[in-house]
Amino acid sequence: MIEVVERSRCISCDLCIQVCPTRVFDRDDDGIPVIARPDSCQTCFQCEAYCPADALFVAPLVAAVPSDSRFRDIEELTTTGMLGGYRRELGWGHGRSLGARTAVGPEFPG
Amino acid sequence: MIRSEHAGEDAAAWSHALLSADVLVVGGGPAGTWAAIKAAQAGADVVLVDKGRCGSSGATASVGTGIWYVEDEPELREAAMASREALGGHLADRGWMARVLDETYARMDELARVQRYPFPVDAHGRQIRDDLQGPEYMRRQRIRVQRLGVRILDHTPALELLVDADGVVSGARVLDRPAGQVLSIAAGAVVLAAGGCAFQSKTLGCDVNTGDGALLAVEAGAELSGMEFSSAYAIAPAGTSLTKTAYYSWATFYRADGSVLEGAGSTRGRSVIARTLLTERVYARLDRSTPDVQQAMRKGQPNFFLVFDRLGIDPFADMFEITLLAEGTVRGTGGVRITGDDCSTSVPGLYAAGDTATRELICGGFTGGGSHNAAWAASSGSWAGHAAAAFASWRGGRPDQPWPAGYAGLRPMCAPTLTYREVIAQVQSAVLPYDHNYMRHANKLIPALDALHQTWEAVRDGLTGAGEDLFRAREAAAMTAHGRWMFHAALQRTETRGMHKRLDYPQQDPAQQFRLLTGGLDDIWTRPEAGSRASAVPGGLAA
């Protein structure tokens, strides 16, 4: 479930508001997305994949985590590399090579 | 070009703005985007509406998927077709399989050349085209659709179809969610590519897949086929939405005390897992993989590991708790019955594609993975889009004064008595349990179907909503109807075939080697499809 919108990183591009399939976000008076409908979040990671500023974090659990969870600790998410991790794997973002180009899985057991 | 105007005298107070197009495509996943591309290329002006957002919504956008792509060599094609026939219960059709293999081959070539999808390359410099990364695929599909001049309306669920006096589908009413406004879109033909139904079980990306396409189609008079093939469940780490099952081929399954769960497996042993989960926790570990395989897994499906890494679990070394999440007709094969090679339905002006349509034609009663569904989406979407454009052109001008075909969730007969959330909770409690839908038995199916019928009556009599809640009410109605069609058909098929497993009828019955049609809203019916036995493969009976 979406847990973090990091205001200091957000560039107010509205992409997350647009790409979210379930309309979780609204825009606040400063132009920053707010998690308006958390119940609608389906944990699909699309907002995070599209965020060009690595300002969003989707925890891997479908239920909300406690406020003191490490999934809400922006410092820990940054230092562990979890923030922006999905984009890195997809190769989305300037100067990266696309993950799809090397996405060759193992041969399946017979 | 698309015209926009205001229809002042519309009887329905909640509908004003009118859009007009040759072809309306409902749904912006792989099937809907291919439909829009082929309709636009045929010269139609096209509107595409998506409940979520075309390019990031639905069953494909959030995942990686194999695709049933087979090189154009007769022996390989023959083997690909033959390998599926027994699994699917001999209900597939060789002619459709061959057409889909051809079409998929052509569309993946187009995807590489025009959308410039970055397929990986093998040691000989040849592109490997049997696997797709969902986010990359759908992002490029959206751009292609936009470049062809298709008008995309995101966050705009279809509420109901519009039908003219002759019963020809003539557009739809849709909800512009951000504006909270209902629009009527008049169209010469409609392609339903709105996905299947996973009952908001939290299977990855599928909360939007609530069976809307089937409900819209049946309200307009269409038939369904194969609704009993709707018992797919995917393995996921407990508490997550990660329903990516392929890598469990390398898993061992365990009980809480660390002992091996005998007979459990990712494919043939999944029902052992389901049965055990009814009374105790089940764990998995991908401990049958070698370091080379593990490395390739990370390359192949990065978002599989995204979840494990975030949870701090090493899936190769640690035992982790798993669950099974319902995938209904998303990974099942039932859906709107196709009546022509062009993906037409029994209703003129209405075409069905992707998971909204039955996939029995290419895989009978079993898919196993996303590969066949992905090939079907690209193929059926392309055919439906092309045919819808031709139909709209043949039909000529825009229909006038079509009437809306929907009722449940939109036009209650009495004062509202329940909320959409209550309806969804009732539907989920009837459809999701493993001992209702996975391991089927009349003892459980009959009471569950009775409960669903009661929910349907309550929906029809007293469910609607305003603003966002209007489409939520329709989603709830669609899921209720879907559950009823599934369980009605499941009770009628008194045998075990494909994914449909009846504990009270554990054998495949040669006398039931036919496709089963379903339909109706208040009163549900089923009947064998005439001729479907003849179109099945000779020799199937003996297998």
# chains A, B, ... in the order shown; residues from 1 in each chain; ligands from 1
>>> select_by_dssp(residues="region 18-110 of chain A", states="strand (DSSP E or B)", output="list in words")
Phe25, Asp26, Arg27, Pro33, Val34, Ile35, Leu56, Phe57 and Val58 of chain A
>>> select_by_dssp(residues="region 9-81 of chain A", states="alpha helix (DSSP H)", output="ChimeraX atom specification")
/A:15-19,46-50,74-79
>>> write_last_selection(atoms="C-alpha atoms", output="CSV table (one decimal), in the first residue's frame")
chain,number,residue,atom,x,y,z
A,15,LEU,CA,2.1,12.0,-12.9
A,16,CYS,CA,1.1,9.9,-9.9
A,17,ILE,CA,-2.3,11.4,-9.8
A,18,GLN,CA,-2.8,10.6,-13.5
A,19,VAL,CA,-1.3,7.1,-13.6
A,46,GLN,CA,2.5,2.0,-10.8
A,47,CYS,CA,2.7,5.4,-9.0
A,48,GLU,CA,6.2,4.6,-7.8
A,49,ALA,CA,7.3,3.3,-11.2
A,50,TYR,CA,6.2,6.6,-12.9
A,74,ILE,CA,12.2,8.2,4.7
A,75,GLU,CA,15.8,8.0,5.9
A,76,GLU,CA,15.8,4.3,6.1
A,77,LEU,CA,14.1,4.0,2.8
A,78,THR,CA,16.7,6.2,1.2
A,79,THR,CA,19.8,4.6,2.8
>>> residues_around(residues="region 205-211 of chain B", least_positions_apart="6", cutoff="8 Å", atoms="only C-alpha atoms", output="VMD selection string")
(chain A and resid 21 to 22 42 to 44) or (chain B and resid 51 to 52 57 to 62 194 to 199 330 356 475 to 476 478 to 479 482)
>>> atom_distance(atom1="CA of Ile185 (chain B)", atom2="CA of Arg139 (chain B)")
25.4 Å
>>> interface_residues(of="chain B", to="chain A", cutoff="6 Å", atoms="only C-alpha atoms", output="number ranges by chain")
B: 52-53, 56-57, 62, 118-120, 204-205, 239-240, 293, 296-297, 299-300, 307
>>> decode(residues="region 93-107 of chain A", atoms="all heavy atoms", output="PDB file, in the first residue's frame")
ATOM      1  N   GLY A  93      14.088   6.278 -16.234  1.00  0.00           N
ATOM      2  CA  GLY A  93      14.783   7.446 -15.699  1.00  0.00           C
ATOM      3  C   GLY A  93      16.012   7.734 -16.529  1.00  0.00           C
ATOM      4  O   GLY A  93      16.585   6.837 -17.174  1.00  0.00           O
ATOM      5  N   HIS A  94      16.437   8.964 -16.521  1.00  0.00           N
ATOM      6  CA  HIS A  94      17.501   9.419 -17.399  1.00  0.00           C
ATOM      7  C   HIS A  94      18.794   8.626 -17.199  1.00  0.00           C
ATOM      8  O   HIS A  94      19.212   8.384 -16.067  1.00  0.00           O
ATOM      9  CB  HIS A  94      17.768  10.907 -17.145  1.00  0.00           C
ATOM     10  CG  HIS A  94      18.771  11.494 -18.092  1.00  0.00           C
ATOM     11  ND1 HIS A  94      18.491  11.694 -19.422  1.00  0.00           N
ATOM     12  CD2 HIS A  94      20.055  11.872 -17.907  1.00  0.00           C
ATOM     13  CE1 HIS A  94      19.563  12.196 -20.010  1.00  0.00           C
ATOM     14  NE2 HIS A  94      20.527  12.314 -19.118  1.00  0.00           N
ATOM     15  N   GLY A  95      19.399   8.214 -18.296  1.00  0.00           N
ATOM     16  CA  GLY A  95      20.711   7.585 -18.227  1.00  0.00           C
ATOM     17  C   GLY A  95      20.683   6.107 -17.891  1.00  0.00           C
ATOM     18  O   GLY A  95      21.730   5.473 -17.822  1.00  0.00           O
ATOM     19  N   ARG A  96      19.497   5.546 -17.697  1.00  0.00           N
ATOM     20  CA  ARG A  96      19.416   4.116 -17.378  1.00  0.00           C
ATOM     21  C   ARG A  96      19.104   3.318 -18.638  1.00  0.00           C
ATOM     22  O   ARG A  96      18.533   3.835 -19.585  1.00  0.00           O
ATOM     23  CB  ARG A  96      18.320   3.877 -16.339  1.00  0.00           C
ATOM     24  CG  ARG A  96      18.689   4.404 -14.963  1.00  0.00           C
ATOM     25  CD  ARG A  96      17.524   4.297 -14.011  1.00  0.00           C
ATOM     26  NE  ARG A  96      17.938   4.641 -12.657  1.00  0.00           N
ATOM     27  CZ  ARG A  96      17.109   5.050 -11.703  1.00  0.00           C
ATOM     28  NH1 ARG A  96      15.810   5.166 -11.951  1.00  0.00           N
ATOM     29  NH2 ARG A  96      17.560   5.335 -10.507  1.00  0.00           N
ATOM     30  N   SER A  97      19.497   2.045 -18.635  1.00  0.00           N
ATOM     31  CA  SER A  97      19.106   1.213 -19.775  1.00  0.00           C
ATOM     32  C   SER A  97      17.904   0.375 -19.357  1.00  0.00           C
ATOM     33  O   SER A  97      17.806  -0.097 -18.224  1.00  0.00           O
ATOM     34  CB  SER A  97      20.268   0.345 -20.241  1.00  0.00           C
ATOM     35  OG  SER A  97      20.585  -0.599 -19.261  1.00  0.00           O
ATOM     36  N   LEU A  98      16.991   0.198 -20.291  1.00  0.00           N
ATOM     37  CA  LEU A  98      15.696  -0.414 -19.994  1.00  0.00           C
ATOM     38  C   LEU A  98      15.847  -1.848 -19.510  1.00  0.00           C
ATOM     39  O   LEU A  98      16.533  -2.660 -20.136  1.00  0.00           O
ATOM     40  CB  LEU A  98      14.809  -0.369 -21.233  1.00  0.00           C
ATOM     41  CG  LEU A  98      14.359   1.036 -21.644  1.00  0.00           C
ATOM     42  CD1 LEU A  98      13.708   1.006 -23.020  1.00  0.00           C
ATOM     43  CD2 LEU A  98      13.403   1.619 -20.609  1.00  0.00           C
ATOM     44  N   GLY A  99      15.166  -2.153 -18.413  1.00  0.00           N
ATOM     45  CA  GLY A  99      15.215  -3.500 -17.866  1.00  0.00           C
ATOM     46  C   GLY A  99      14.671  -4.538 -18.825  1.00  0.00           C
ATOM     47  O   GLY A  99      15.139  -5.681 -18.851  1.00  0.00           O
ATOM     48  N   ALA A 100      13.673  -4.141 -19.621  1.00  0.00           N
ATOM     49  CA  ALA A 100      13.056  -5.103 -20.549  1.00  0.00           C
ATOM     50  C   ALA A 100      14.086  -5.690 -21.508  1.00  0.00           C
ATOM     51  O   ALA A 100      13.961  -6.829 -21.956  1.00  0.00           O
ATOM     52  CB  ALA A 100      11.931  -4.423 -21.340  1.00  0.00           C
ATOM     53  N   ARG A 101      15.129  -4.919 -21.828  1.00  0.00           N
ATOM     54  CA  ARG A 101      16.127  -5.348 -22.801  1.00  0.00           C
ATOM     55  C   ARG A 101      16.937  -6.555 -22.319  1.00  0.00           C
ATOM     56  O   ARG A 101      17.496  -7.304 -23.126  1.00  0.00           O
ATOM     57  CB  ARG A 101      17.064  -4.171 -23.119  1.00  0.00           C
ATOM     58  CG  ARG A 101      17.671  -4.212 -24.494  1.00  0.00           C
ATOM     59  CD  ARG A 101      18.506  -2.973 -24.794  1.00  0.00           C
ATOM     60  NE  ARG A 101      17.737  -1.783 -25.090  1.00  0.00           N
ATOM     61  CZ  ARG A 101      17.031  -1.589 -26.203  1.00  0.00           C
ATOM     62  NH1 ARG A 101      16.987  -2.517 -27.117  1.00  0.00           N
ATOM     63  NH2 ARG A 101      16.367  -0.468 -26.392  1.00  0.00           N
ATOM     64  N   THR A 102      16.992  -6.724 -21.005  1.00  0.00           N
ATOM     65  CA  THR A 102      17.776  -7.850 -20.475  1.00  0.00           C
ATOM     66  C   THR A 102      16.907  -8.822 -19.662  1.00  0.00           C
ATOM     67  O   THR A 102      17.428  -9.664 -18.942  1.00  0.00           O
ATOM     68  CB  THR A 102      18.918  -7.339 -19.582  1.00  0.00           C
ATOM     69  OG1 THR A 102      18.374  -6.467 -18.588  1.00  0.00           O
ATOM     70  CG2 THR A 102      19.961  -6.598 -20.403  1.00  0.00           C
ATOM     71  N   ALA A 103      15.580  -8.695 -19.791  1.00  0.00           N
ATOM     72  CA  ALA A 103      14.673  -9.506 -18.967  1.00  0.00           C
ATOM     73  C   ALA A 103      14.523 -10.908 -19.542  1.00  0.00           C
ATOM     74  O   ALA A 103      13.537 -11.232 -20.189  1.00  0.00           O
ATOM     75  CB  ALA A 103      13.316  -8.822 -18.862  1.00  0.00           C
ATOM     76  N   VAL A 104      15.520 -11.737 -19.323  1.00  0.00           N
ATOM     77  CA  VAL A 104      15.464 -13.125 -19.769  1.00  0.00           C
ATOM     78  C   VAL A 104      15.500 -14.015 -18.529  1.00  0.00           C
ATOM     79  O   VAL A 104      16.496 -14.062 -17.824  1.00  0.00           O
ATOM     80  CB  VAL A 104      16.638 -13.479 -20.703  1.00  0.00           C
ATOM     81  CG1 VAL A 104      16.498 -14.918 -21.189  1.00  0.00           C
ATOM     82  CG2 VAL A 104      16.684 -12.513 -21.875  1.00  0.00           C
ATOM     83  N   GLY A 105      14.387 -14.688 -18.276  1.00  0.00           N
ATOM     84  CA  GLY A 105      14.288 -15.539 -17.100  1.00  0.00           C
ATOM     85  C   GLY A 105      14.932 -16.890 -17.324  1.00  0.00           C
ATOM     86  O   GLY A 105      15.447 -17.177 -18.409  1.00  0.00           O
ATOM     87  N   PRO A 106      14.895 -17.741 -16.298  1.00  0.00           N
ATOM     88  CA  PRO A 106      15.493 -19.076 -16.411  1.00  0.00           C
ATOM     89  C   PRO A 106      14.640 -20.010 -17.253  1.00  0.00           C
ATOM     90  O   PRO A 106      13.452 -19.791 -17.440  1.00  0.00           O
ATOM     91  CB  PRO A 106      15.522 -19.550 -14.955  1.00  0.00           C
ATOM     92  CG  PRO A 106      14.380 -18.833 -14.306  1.00  0.00           C
ATOM     93  CD  PRO A 106      14.283 -17.501 -14.997  1.00  0.00           C
ATOM     94  N   GLU A 107      15.273 -21.053 -17.764  1.00  0.00           N
ATOM     95  CA  GLU A 107      14.529 -22.141 -18.401  1.00  0.00           C
ATOM     96  C   GLU A 107      13.743 -22.865 -17.310  1.00  0.00           C
ATOM     97  O   GLU A 107      14.296 -23.165 -16.246  1.00  0.00           O
ATOM     98  CB  GLU A 107      15.499 -23.135 -19.059  1.00  0.00           C
ATOM     99  CG  GLU A 107      16.152 -22.618 -20.327  1.00  0.00           C
ATOM    100  CD  GLU A 107      15.183 -22.570 -21.503  1.00  0.00           C
ATOM    101  OE1 GLU A 107      14.285 -23.435 -21.570  1.00  0.00           O
ATOM    102  OE2 GLU A 107      15.330 -21.657 -22.339  1.00  0.00           O
TER     103      GLU A 107
END
